[in-house]
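Novice: File start.tsv below, TSV, C-alpha atoms:
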chain	number	residue	atom	x	y	z
C	1	MET	CA	38.77	-11.60	-0.62
C	2	ASP	CA	39.44	-13.04	2.79
C	3	PRO	CA	36.44	-13.00	5.18
C	4	GLN	CA	38.59	-11.18	7.69
C	5	GLN	CA	38.76	-8.37	5.13
C	6	LEU	CA	35.00	-8.18	4.78
C	7	PRO	CA	33.93	-4.56	5.03
C	8	ASP	CA	32.04	-3.86	8.21
C	9	PRO	CA	28.62	-2.56	7.19
C	10	PRO	CA	28.29	1.11	8.08
C	11	LEU	CA	25.47	1.75	10.50
C	12	GLN	CA	23.70	5.03	9.87
C	13	SER	CA	21.86	6.83	12.59
C	14	PRO	CA	18.08	6.72	12.12
C	15	SER	CA	18.02	10.48	11.51
C	16	GLN	CA	20.15	10.12	8.37
C	17	PRO	CA	18.19	9.60	5.17
C	18	GLN	CA	18.63	6.31	3.40
C	19	SER	CA	20.75	6.63	0.29
C	20	PRO	CA	21.46	4.53	-2.79
C	21	ALA	CA	24.90	3.85	-1.27
C	22	MET	CA	23.17	1.52	1.20
C	23	GLY	CA	22.32	-0.81	-1.70
C	24	ASP	CA	25.96	-0.64	-2.78
C	25	ASP	CA	27.01	-1.65	0.74
C	26	MET	CA	24.68	-4.63	0.61
C	27	ILE	CA	26.05	-5.65	-2.80
C	28	ALA	CA	29.59	-5.34	-1.40
C	29	CYS	CA	28.69	-7.63	1.53
C	30	VAL	CA	27.13	-10.20	-0.79
C	31	ALA	CA	30.19	-10.03	-3.05
C	32	ALA	CA	32.43	-10.52	-0.01
C	33	LEU	CA	30.40	-13.55	1.06
C	34	GLU	CA	30.65	-14.96	-2.46
C	35	ALA	CA	34.41	-14.38	-2.43
C	36	ALA	CA	34.64	-16.21	0.90
C	37	LEU	CA	32.72	-19.15	-0.54
C	38	LEU	CA	34.72	-19.40	-3.77
C	39	PRO	CA	37.70	-21.18	-2.22
C	40	CYS	CA	35.40	-23.79	-0.69
C	41	LEU	CA	35.61	-27.13	-2.40
C	42	PRO	CA	32.62	-28.88	-3.97
C	43	ALA	CA	30.70	-31.15	-1.61
C	44	ARG	CA	32.09	-34.39	-3.05
C	45	GLU	CA	35.65	-33.18	-2.66
C	46	LEU	CA	34.96	-31.99	0.89
C	47	GLN	CA	33.54	-35.40	1.77
C	48	ALA	CA	36.59	-37.12	0.31
C	49	ILE	CA	38.94	-34.80	2.18
C	50	ASP	CA	36.88	-35.20	5.34
C	51	ARG	CA	37.50	-38.96	5.16
C	52	SER	CA	41.17	-38.37	4.43
C	53	SER	CA	43.63	-39.14	7.16
C	54	HIS	CA	45.97	-36.37	6.02
C	55	PRO	CA	45.90	-33.65	8.75
C	56	SER	CA	46.31	-30.69	6.36
C	57	HIS	CA	43.11	-31.71	4.55
C	58	GLN	CA	41.20	-31.64	7.83
C	59	ILE	CA	42.60	-28.18	8.60
C	60	ASP	CA	41.51	-26.92	5.12
C	61	VAL	CA	37.96	-28.13	5.66
C	62	GLU	CA	37.79	-26.54	9.11
C	63	ARG	CA	39.32	-23.28	7.83
C	64	HIS	CA	36.82	-23.06	4.94
C	65	ALA	CA	33.93	-23.79	7.28
C	66	ARG	CA	35.15	-21.16	9.75
C	67	ASP	CA	35.64	-18.60	6.94
C	68	PHE	CA	32.14	-19.31	5.68
C	69	MET	CA	30.59	-18.95	9.13
C	70	GLU	CA	32.40	-15.65	9.74
C	71	ALA	CA	31.24	-14.26	6.40
C	72	ALA	CA	27.67	-15.45	7.03
C	73	LYS	CA	27.69	-13.85	10.50
C	74	LYS	CA	28.86	-10.50	9.10
C	75	LEU	CA	26.18	-10.61	6.42
C	76	GLN	CA	23.53	-11.48	9.01
C	77	LEU	CA	24.63	-8.55	11.21
C	78	TYR	CA	24.48	-6.27	8.19
C	79	PHE	CA	20.90	-7.30	7.39
C	80	ILE	CA	19.90	-6.89	11.04
C	81	GLY	CA	21.38	-3.39	10.90
C	82	LEU	CA	19.35	-2.60	7.78
C	83	GLN	CA	16.22	-3.86	9.46
C	84	HIS	CA	16.79	-1.57	12.46
C	85	GLU	CA	17.44	1.41	10.18
C	86	ASP	CA	14.07	0.88	8.52
C	87	GLN	CA	12.31	1.24	11.86
C	88	PRO	CA	11.80	4.88	12.86
C	89	SER	CA	13.03	5.99	16.25
C	90	LYS	CA	10.59	6.89	19.03
C	91	LEU	CA	11.35	10.59	18.49
C	92	GLU	CA	10.59	10.32	14.77
C	93	MET	CA	7.36	8.44	15.48
C	94	LEU	CA	6.26	11.09	17.99
C	95	GLN	CA	7.14	13.91	15.57
C	96	LYS	CA	5.13	12.18	12.86
C	97	ASP	CA	2.17	11.75	15.23
C	98	ILE	CA	2.36	15.39	16.29
C	99	SER	CA	2.46	16.54	12.66
C	100	ALA	CA	-0.55	14.37	11.83
C	101	MET	CA	-2.45	15.75	14.83
C	102	GLN	CA	-1.58	19.34	13.84
C	103	GLU	CA	-2.86	18.72	10.31
C	104	GLU	CA	-6.03	17.19	11.71
C	105	LEU	CA	-6.46	20.18	14.03
C	106	LYS	CA	-6.05	22.62	11.11
C	107	ALA	CA	-8.62	20.71	9.03
C	108	LYS	CA	-11.13	20.58	11.89
C	109	THR	CA	-10.61	24.26	12.76
C	110	GLU	CA	-11.32	25.21	9.14
C	111	MET	CA	-14.41	22.98	9.15
C	112	ILE	CA	-15.64	24.69	12.34
C	113	ARG	CA	-15.12	28.14	10.75
C	114	GLU	CA	-17.11	27.10	7.69
C	115	GLN	CA	-19.94	25.77	9.85
C	116	GLU	CA	-19.96	28.97	11.96
C	117	ARG	CA	-20.24	31.06	8.75
C	118	MET	CA	-23.10	28.81	7.60
C	119	ILE	CA	-24.88	29.22	10.96
C	120	GLN	CA	-24.44	33.02	10.78
C	121	GLY	CA	-25.99	32.95	7.30
C	122	TRP	CA	-28.94	30.96	8.60
C	123	ARG	CA	-29.37	33.40	11.52
C	124	LYS	CA	-29.39	36.32	9.09
C	125	ASN	CA	-31.99	34.57	6.88
C	126	LEU	CA	-34.14	33.75	9.93
C	127	LYS	CA	-33.86	37.33	11.22
C	128	ASP	CA	-34.86	38.66	7.79
C	129	GLN	CA	-37.83	36.26	7.71
C	130	LEU	CA	-38.82	37.28	11.26
C	131	ASP	CA	-38.58	40.97	10.34
C	132	GLY	CA	-40.69	40.25	7.25
C	133	HIS	CA	-43.32	38.49	9.37
C	134	ASP	CA	-43.31	41.36	11.89
C	135	VAL	CA	-43.91	43.83	9.07
C	136	GLU	CA	-46.79	41.68	7.76
C	137	LEU	CA	-48.30	41.41	11.25
C	138	GLY	CA	-47.95	45.18	11.71
C	139	LYS	CA	-49.98	45.71	8.56
C	140	VAL	CA	-52.80	43.50	9.82
Translate the structure of the given file into structure tokens.

Specialist:
Amino acid sequence: MDPQQLPDPPLQSPSQPQSPAMGDDMIACVAALEAALLPCLPARELQAIDRSSHPSHQIDVERHARDFMEAAKKLQLYFIGLQHEDQPSKLEMLQKDISAMQEELKAKTEMIREQERMIQGWRKNLKDQLDGHDVELGKV
């Protein structure tokens, strides 16, 4: 596969859920990079060609280096895109914060209701005790 034919990584909007296809896209990019590297010659051969005075050898080395750099740049851009997708947008962060605050408000409201019921029970007990003491005092 020629690096010019590398598939451009699809960038999803942050509101789209991440799917298993994203992993397939990453595998495709890695495979494309590997395919771009396959035609490259081993280091010893490259060094020998680099020292060669034959102009076509020089062009091959430069072409392979350029192909490699293009493939590496596309892969880097793909990973940067993945990194940005993992970060929630400001809207999503605010929605998450609001949801958390609403849940906290519900929990605290319920706690307040329970405490108010407990206080009402104590008031009733105290009133009953007071009435009992008044009855006792009335007898004396």

Novice: Could you state the separation of CA of Gln129 (chain C) and CA of Arg113 (chain C) in Å, given to one decimal place?

Specialist: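 Computed distance, CA of Gln129 (chain C) to CA of Arg113 (chain C), equals 24.3 Å.
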
Novice: Grab the CA of Lys106 (chain C) to CA of Trp122 (chain C) distance for me, in Å with one decimal place.

Specialist: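 Rounded to one decimal, the two atoms are 24.5 Å apart.
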
Novice: Could you tell me how far CA of Ile80 (chain C) sits from CA of Ile27 (chain C), in Å to one decimal place?

Specialist: 15.2 Å

Novice: Please report, as JSON, the centre and edge lengths in Å to one decimal of an axis-aligned box covering all listed atoms of region 104-110 of chain C with 6 Å per side.

Specialist:
{"center_x": -8.7, "center_y": 21.2, "center_z": 11.5, "size_x": 17.3, "size_y": 20.0, "size_z": 17.0}
